[in-house]
Every structure is written in structure tokens, then in C-alpha cells.
Amino acid sequence: MAISKQYQTLLTSLTLATFGLTVAYMTGVMIIAPLLFALGIPLVNIKKPLKQKIGLTLVIIIVSVSVFIGTMLAAIGFDFDKYIFPGLLGGLAGVAILGINGLVIDTIKLNLKTILLTFVLSGISLPLWIFMTESIFPKTLSSSDFVRQFGVIMLWMTLTTIGICSAIKPKTD
């Protein structure tokens with residue numbers, strides 16, 4: 001029984017994201033997390049010769065890391081409100097990452113449904129995390145450095161990956 005491309009992508013991306021966040025936390029080198037996360041989708045879905053695969057993957061990684069860093073700086077730099085602005089930033093970042101993957105990878109089909117789904121899933125991650133850490137999690141858990149700093153990133157990466165996976169269609173040639 002073969003596992004679908006959507007599930008392969010989800011498992012690969014979340015494994016790389018978890019590993020990247022753990023290494024980033026232990027080393028203090030934050031750039032590792034988005035680098036490894038950006039590698040997951042093209043690793044599973046680009047079916048081209050090795051030279052092309054490396055080049056296309058590099059483009060996706062550069063754009064994804066730039067989007068990630070830009071979003072983090074904007075979220076930290078602008079303090080408008082607690083829920084709407086972070087939600088819009090997260091949603092736009094998710095759509096940008098879907099967009100670069102959709103432009104480069106043949107099996108990722110961009111359409112209004114997948115763009116909206118990715119925007120909504122990515123967009124609710126930050127407000128949902130804020131709500132959970134303030135209202136649901138026990139104080140000992142929400143005050144943990146690892147949970148506070150990396151939990152929100154992992155939630156965003158998970159929901160963004162689910163949105164992107166909804167756009168993966170089998171290649172029909």
C-alpha cells in the first residue's frame with residue numbers, strides 16, 4: 001500500500017520542521033528551522049533530474065526563508081493588536097510559501113480553494129497560539145522558553161503544510 005504524496009509531504013515537512021526547531025533551539029541558530037522546513041515540500045514533490053531538482057529546491061528555500069524572516073520581523077516590529085495583524089501576517093506568509101512552491105513544482109496546483117484554505121489555516125495559527133498560551137495551557141507550560149518561542153512556529157508550519165498539501169495533485173502527463 002503506497003502512501004499518498006500529500007501524506008508523504010506532510011510527514012516529511014513536519015519531521016524536518018521538528019528537527020529544525022529542535023536544532024535551532026539547542027544551537028541558537030534560528031535560520032535552521034525555516035531552512036529545513038522549506039526543504040520538505042520540494043524534496044517529496046519535485047520529480048526532475050538532480051541538477052534541476054537542486055536548483056528549484058534552492059529557489060524555494062531562499063524565497064521561503066525570506067518570507068519567514070520577513071514575517072517574523074514584521075510581527076515583532078509592528079504591535080497593532082494581538083490577533084488580527086498576526087493572523088493576516090501568518091496567512092499571507094503561508095500563501096507566499098504556497099505560491100513559490102506552486103510556481104516551481106508541477107504537482108502543486110494553485111487555485112482559489114487552495115489559496116484560501118492555506119490563508120485561513122496559516123492565518124489562524126498565530127491567534128490560536130496566543131489564545132491557547134494565555135487561556136488554555138498551564139502557566140508552567142506557557143512560560144517554557146521552548147514552548148513560547150517554537151510552539152507557535154511549529155503550529156504555523158503544520159497548518160501551512162496542511163494547506164499546501166491540499167494543493168498537491170497527481171501529475172497527469
# chains A, B, ... in the order shown; residues from 1 in each chain; ligands from 1
call {"tool": "residues_around", "arguments": {"residues": "region 74-88 of chain A", "least_positions_apart": "2", "cutoff": "6 Å", "atoms": "only C-alpha atoms", "output": "PyMOL selection string"}}
result
chain A and resi 71-72+90-91+123-124+126-127
call {"tool": "write_last_selection", "arguments": {"atoms": "C-alpha atoms", "output": "PDB file, in the first residue's frame"}}
result
ATOM      1  CA  THR A  71       7.075  37.791   8.602  1.00  0.00           C
ATOM      2  CA  MET A  72       8.860  37.321  11.922  1.00  0.00           C
ATOM      3  CA  GLY A  90       0.680  34.383   9.076  1.00  0.00           C
ATOM      4  CA  GLY A  91      -1.932  33.902   6.356  1.00  0.00           C
ATOM      5  CA  GLY A 123      -3.723  32.813   9.432  1.00  0.00           C
ATOM      6  CA  ILE A 124      -5.419  31.178  12.410  1.00  0.00           C
ATOM      7  CA  LEU A 126      -0.805  32.782  15.431  1.00  0.00           C
ATOM      8  CA  PRO A 127      -4.066  33.989  17.018  1.00  0.00           C
TER       9      PRO A 127
END
call {"tool": "closest_atom_pairs", "arguments": {"of": "region 71-158 of chain A", "to": "region 13-37 of chain A", "cutoff": "10 Å", "atoms": "only C-alpha atoms", "output": "JSON lines"}}
result
{"residue": "A:Asp145", "atom": "CA", "partner": "A:Tyr25", "partner_atom": "CA", "distance": 9.1}
{"residue": "A:Phe146", "atom": "CA", "partner": "A:Tyr25", "partner_atom": "CA", "distance": 7.1}
{"residue": "A:Gln149", "atom": "CA", "partner": "A:Tyr25", "partner_atom": "CA", "distance": 8.7}
{"residue": "A:Phe150", "atom": "CA", "partner": "A:Leu21", "partner_atom": "CA", "distance": 6.6}
{"residue": "A:Gly151", "atom": "CA", "partner": "A:Leu21", "partner_atom": "CA", "distance": 9.1}
{"residue": "A:Ile153", "atom": "CA", "partner": "A:Leu21", "partner_atom": "CA", "distance": 8.4}
{"residue": "A:Met154", "atom": "CA", "partner": "A:Ala17", "partner_atom": "CA", "distance": 7.0}
{"residue": "A:Leu155", "atom": "CA", "partner": "A:Leu14", "partner_atom": "CA", "distance": 10.0}
{"residue": "A:Met157", "atom": "CA", "partner": "A:Ala17", "partner_atom": "CA", "distance": 7.3}
{"residue": "A:Thr158", "atom": "CA", "partner": "A:Leu14", "partner_atom": "CA", "distance": 6.5}
call {"tool": "residues_around", "arguments": {"residues": "Gln6 (chain A)", "least_positions_apart": "2", "cutoff": "12 Å", "atoms": "only C-alpha atoms", "output": "PyMOL selection string"}}
result
chain A and resi 2-4+8-13+40-41+44-45+107-108+161-170
call {"tool": "residues_around", "arguments": {"residues": "Leu39 (chain A)", "least_positions_apart": "4", "cutoff": "7 Å", "atoms": "only C-alpha atoms", "output": "list in words"}}
result
Leu35, Leu43, Thr57 and Ile61 of chain A
call {"tool": "write_last_selection", "arguments": {"atoms": "N, CA and C atoms", "output": "PDB file, in the first residue's frame"}}
result
ATOM      1  N   LEU A  35      14.954  26.784   7.085  1.00  0.00           N
ATOM      2  CA  LEU A  35      15.723  26.109   6.029  1.00  0.00           C
ATOM      3  C   LEU A  35      15.269  24.664   5.868  1.00  0.00           C
ATOM      4  N   LEU A  43      11.441  18.302  -1.672  1.00  0.00           N
ATOM      5  CA  LEU A  43      12.102  17.004  -1.554  1.00  0.00           C
ATOM      6  C   LEU A  43      11.168  15.874  -1.999  1.00  0.00           C
ATOM      7  N   THR A  57      14.879  23.555  -5.766  1.00  0.00           N
ATOM      8  CA  THR A  57      14.785  23.485  -4.305  1.00  0.00           C
ATOM      9  C   THR A  57      15.481  24.689  -3.670  1.00  0.00           C
ATOM     10  N   ILE A  61      13.818  27.379  -1.171  1.00  0.00           N
ATOM     11  CA  ILE A  61      14.388  27.618   0.157  1.00  0.00           C
ATOM     12  C   ILE A  61      14.682  29.106   0.361  1.00  0.00           C
TER      13      ILE A  61
END
call {"tool": "select_by_dssp", "arguments": {"residues": "region 7-165 of chain A", "states": "alpha helix (DSSP H)", "output": "PDB file with C-alpha atoms, in the first residue's frame"}}
result
ATOM      1  CA  TYR A   7       0.859  12.427   3.433  1.00  0.00           C
ATOM      2  CA  GLN A   8       4.485  11.969   2.366  1.00  0.00           C
ATOM      3  CA  THR A   9       4.789  15.748   2.109  1.00  0.00           C
ATOM      4  CA  LEU A  10       3.114  16.319   5.461  1.00  0.00           C
ATOM      5  CA  LEU A  11       5.249  13.736   7.273  1.00  0.00           C
ATOM      6  CA  THR A  12       8.496  14.885   5.636  1.00  0.00           C
ATOM      7  CA  SER A  13       7.854  18.589   6.218  1.00  0.00           C
ATOM      8  CA  LEU A  14       6.800  18.148   9.827  1.00  0.00           C
ATOM      9  CA  THR A  15       9.714  15.841  10.577  1.00  0.00           C
ATOM     10  CA  LEU A  16      12.160  18.352   9.102  1.00  0.00           C
ATOM     11  CA  ALA A  17      10.412  21.240  10.893  1.00  0.00           C
ATOM     12  CA  THR A  18      10.545  19.443  14.246  1.00  0.00           C
ATOM     13  CA  PHE A  19      14.200  18.547  13.768  1.00  0.00           C
ATOM     14  CA  GLY A  20      14.995  22.087  12.580  1.00  0.00           C
ATOM     15  CA  LEU A  21      13.250  23.714  15.544  1.00  0.00           C
ATOM     16  CA  THR A  22      14.990  21.408  17.990  1.00  0.00           C
ATOM     17  CA  VAL A  23      18.427  22.103  16.498  1.00  0.00           C
ATOM     18  CA  ALA A  24      17.642  25.835  16.317  1.00  0.00           C
ATOM     19  CA  TYR A  25      16.682  25.867  19.987  1.00  0.00           C
ATOM     20  CA  MET A  26      19.747  23.917  21.064  1.00  0.00           C
ATOM     21  CA  THR A  27      22.221  25.923  18.971  1.00  0.00           C
ATOM     22  CA  ILE A  32      17.965  26.284  10.644  1.00  0.00           C
ATOM     23  CA  ALA A  33      14.227  25.869  11.287  1.00  0.00           C
ATOM     24  CA  PRO A  34      12.891  27.576   8.131  1.00  0.00           C
ATOM     25  CA  LEU A  35      15.723  26.109   6.029  1.00  0.00           C
ATOM     26  CA  LEU A  36      14.798  22.554   6.903  1.00  0.00           C
ATOM     27  CA  PHE A  37      11.047  23.254   6.747  1.00  0.00           C
ATOM     28  CA  ALA A  38      11.379  24.685   3.228  1.00  0.00           C
ATOM     29  CA  LEU A  39      13.221  21.564   2.113  1.00  0.00           C
ATOM     30  CA  GLY A  40      10.331  19.176   2.821  1.00  0.00           C
ATOM     31  CA  ILE A  41       7.865  20.074   0.079  1.00  0.00           C
ATOM     32  CA  PRO A  42      10.293  20.086  -2.864  1.00  0.00           C
ATOM     33  CA  LEU A  43      12.102  17.004  -1.554  1.00  0.00           C
ATOM     34  CA  VAL A  44       8.951  14.921  -1.964  1.00  0.00           C
ATOM     35  CA  ASN A  45       7.313  16.641  -4.930  1.00  0.00           C
ATOM     36  CA  LEU A  50      19.119  16.039  -9.891  1.00  0.00           C
ATOM     37  CA  LYS A  51      20.657  19.320 -11.164  1.00  0.00           C
ATOM     38  CA  GLN A  52      17.218  20.832 -11.805  1.00  0.00           C
ATOM     39  CA  LYS A  53      15.865  19.495  -8.520  1.00  0.00           C
ATOM     40  CA  ILE A  54      18.724  21.116  -6.584  1.00  0.00           C
ATOM     41  CA  GLY A  55      18.283  24.454  -8.388  1.00  0.00           C
ATOM     42  CA  LEU A  56      14.498  24.550  -7.939  1.00  0.00           C
ATOM     43  CA  THR A  57      14.785  23.485  -4.305  1.00  0.00           C
ATOM     44  CA  LEU A  58      17.332  26.248  -3.700  1.00  0.00           C
ATOM     45  CA  VAL A  59      14.928  28.841  -5.152  1.00  0.00           C
ATOM     46  CA  ILE A  60      12.122  27.579  -2.905  1.00  0.00           C
ATOM     47  CA  ILE A  61      14.388  27.618   0.157  1.00  0.00           C
ATOM     48  CA  ILE A  62      15.615  31.177  -0.487  1.00  0.00           C
ATOM     49  CA  VAL A  63      12.106  32.544  -1.017  1.00  0.00           C
ATOM     50  CA  SER A  64      10.617  30.579   1.896  1.00  0.00           C
ATOM     51  CA  VAL A  65      13.323  31.654   4.342  1.00  0.00           C
ATOM     52  CA  SER A  66      12.959  35.270   3.171  1.00  0.00           C
ATOM     53  CA  VAL A  67       9.184  35.131   3.694  1.00  0.00           C
ATOM     54  CA  PHE A  68       9.657  33.517   7.095  1.00  0.00           C
ATOM     55  CA  ILE A  69      12.214  36.075   8.280  1.00  0.00           C
ATOM     56  CA  GLY A  70      10.216  38.998   6.861  1.00  0.00           C
ATOM     57  CA  THR A  71       7.075  37.791   8.602  1.00  0.00           C
ATOM     58  CA  MET A  72       8.860  37.321  11.922  1.00  0.00           C
ATOM     59  CA  LEU A  73      10.391  40.803  11.732  1.00  0.00           C
ATOM     60  CA  ALA A  74       7.031  42.353  10.828  1.00  0.00           C
ATOM     61  CA  ALA A  75       5.260  40.508  13.651  1.00  0.00           C
ATOM     62  CA  ILE A  76       7.876  41.673  16.159  1.00  0.00           C
ATOM     63  CA  GLY A  77       8.249  45.178  14.738  1.00  0.00           C
ATOM     64  CA  ILE A  84      -5.835  40.289  13.572  1.00  0.00           C
ATOM     65  CA  PHE A  85      -2.439  41.609  12.450  1.00  0.00           C
ATOM     66  CA  PRO A  86      -0.526  38.425  13.365  1.00  0.00           C
ATOM     67  CA  GLY A  87      -3.276  36.409  11.682  1.00  0.00           C
ATOM     68  CA  LEU A  88      -3.012  38.407   8.462  1.00  0.00           C
ATOM     69  CA  LEU A  89       0.787  38.132   8.513  1.00  0.00           C
ATOM     70  CA  GLY A  90       0.680  34.383   9.076  1.00  0.00           C
ATOM     71  CA  GLY A  91      -1.932  33.902   6.356  1.00  0.00           C
ATOM     72  CA  LEU A  92      -0.045  35.969   3.800  1.00  0.00           C
ATOM     73  CA  ALA A  93       3.210  34.166   4.619  1.00  0.00           C
ATOM     74  CA  GLY A  94       1.518  30.796   4.144  1.00  0.00           C
ATOM     75  CA  VAL A  95       0.097  31.860   0.782  1.00  0.00           C
ATOM     76  CA  ALA A  96       3.500  33.194  -0.295  1.00  0.00           C
ATOM     77  CA  ILE A  97       5.113  29.851   0.501  1.00  0.00           C
ATOM     78  CA  LEU A  98       2.284  28.022  -1.285  1.00  0.00           C
ATOM     79  CA  GLY A  99       2.807  30.377  -4.225  1.00  0.00           C
ATOM     80  CA  ILE A 100       6.529  29.763  -4.658  1.00  0.00           C
ATOM     81  CA  ASN A 101       6.026  26.019  -4.341  1.00  0.00           C
ATOM     82  CA  GLY A 102       3.111  26.146  -6.803  1.00  0.00           C
ATOM     83  CA  LEU A 103       5.133  28.135  -9.330  1.00  0.00           C
ATOM     84  CA  VAL A 104       8.102  25.766  -9.182  1.00  0.00           C
ATOM     85  CA  LEU A 112      -8.757  29.883  -5.233  1.00  0.00           C
ATOM     86  CA  LYS A 113      -9.741  26.980  -2.951  1.00  0.00           C
ATOM     87  CA  THR A 114      -6.162  26.006  -2.040  1.00  0.00           C
ATOM     88  CA  ILE A 115      -5.065  29.642  -1.676  1.00  0.00           C
ATOM     89  CA  LEU A 116      -7.986  30.434   0.649  1.00  0.00           C
ATOM     90  CA  LEU A 117      -7.536  27.235   2.648  1.00  0.00           C
ATOM     91  CA  THR A 118      -3.818  27.907   3.104  1.00  0.00           C
ATOM     92  CA  PHE A 119      -4.521  31.544   4.046  1.00  0.00           C
ATOM     93  CA  VAL A 120      -7.117  30.546   6.649  1.00  0.00           C
ATOM     94  CA  LEU A 121      -5.064  27.719   8.159  1.00  0.00           C
ATOM     95  CA  SER A 122      -1.843  29.748   8.255  1.00  0.00           C
ATOM     96  CA  GLY A 123      -3.723  32.813   9.432  1.00  0.00           C
ATOM     97  CA  ILE A 124      -5.419  31.178  12.410  1.00  0.00           C
ATOM     98  CA  SER A 125      -2.190  29.666  13.720  1.00  0.00           C
ATOM     99  CA  LEU A 126      -0.805  32.782  15.431  1.00  0.00           C
ATOM    100  CA  PRO A 127      -4.066  33.989  17.018  1.00  0.00           C
ATOM    101  CA  LEU A 128      -4.895  30.421  18.070  1.00  0.00           C
ATOM    102  CA  TRP A 129      -1.466  30.039  19.687  1.00  0.00           C
ATOM    103  CA  ILE A 130      -1.828  33.346  21.532  1.00  0.00           C
ATOM    104  CA  PHE A 131      -5.246  32.278  22.812  1.00  0.00           C
ATOM    105  CA  LYS A 139       1.399  28.674  33.239  1.00  0.00           C
ATOM    106  CA  THR A 140       4.332  26.295  33.676  1.00  0.00           C
ATOM    107  CA  LEU A 141       3.949  25.107  30.078  1.00  0.00           C
ATOM    108  CA  SER A 142       3.275  28.506  28.507  1.00  0.00           C
ATOM    109  CA  ASP A 145      11.137  29.064  26.508  1.00  0.00           C
ATOM    110  CA  PHE A 146      10.853  26.205  24.039  1.00  0.00           C
ATOM    111  CA  VAL A 152       3.881  28.941  17.554  1.00  0.00           C
ATOM    112  CA  ILE A 153       6.317  28.346  14.706  1.00  0.00           C
ATOM    113  CA  MET A 154       5.574  24.613  14.723  1.00  0.00           C
ATOM    114  CA  LEU A 155       1.810  25.249  14.709  1.00  0.00           C
ATOM    115  CA  TRP A 156       2.185  27.679  11.794  1.00  0.00           C
ATOM    116  CA  MET A 157       4.391  25.233   9.870  1.00  0.00           C
ATOM    117  CA  THR A 158       1.919  22.400  10.497  1.00  0.00           C
ATOM    118  CA  LEU A 159      -1.159  24.328   9.364  1.00  0.00           C
ATOM    119  CA  THR A 160       0.677  25.850   6.389  1.00  0.00           C
ATOM    120  CA  THR A 161       1.837  22.400   5.295  1.00  0.00           C
ATOM    121  CA  ILE A 162      -1.719  21.074   5.529  1.00  0.00           C
ATOM    122  CA  GLY A 163      -2.877  23.937   3.290  1.00  0.00           C
ATOM    123  CA  ILE A 164      -0.097  23.281   0.788  1.00  0.00           C
ATOM    124  CA  CYS A 165      -0.826  19.541   0.827  1.00  0.00           C
TER     125      CYS A 165
END
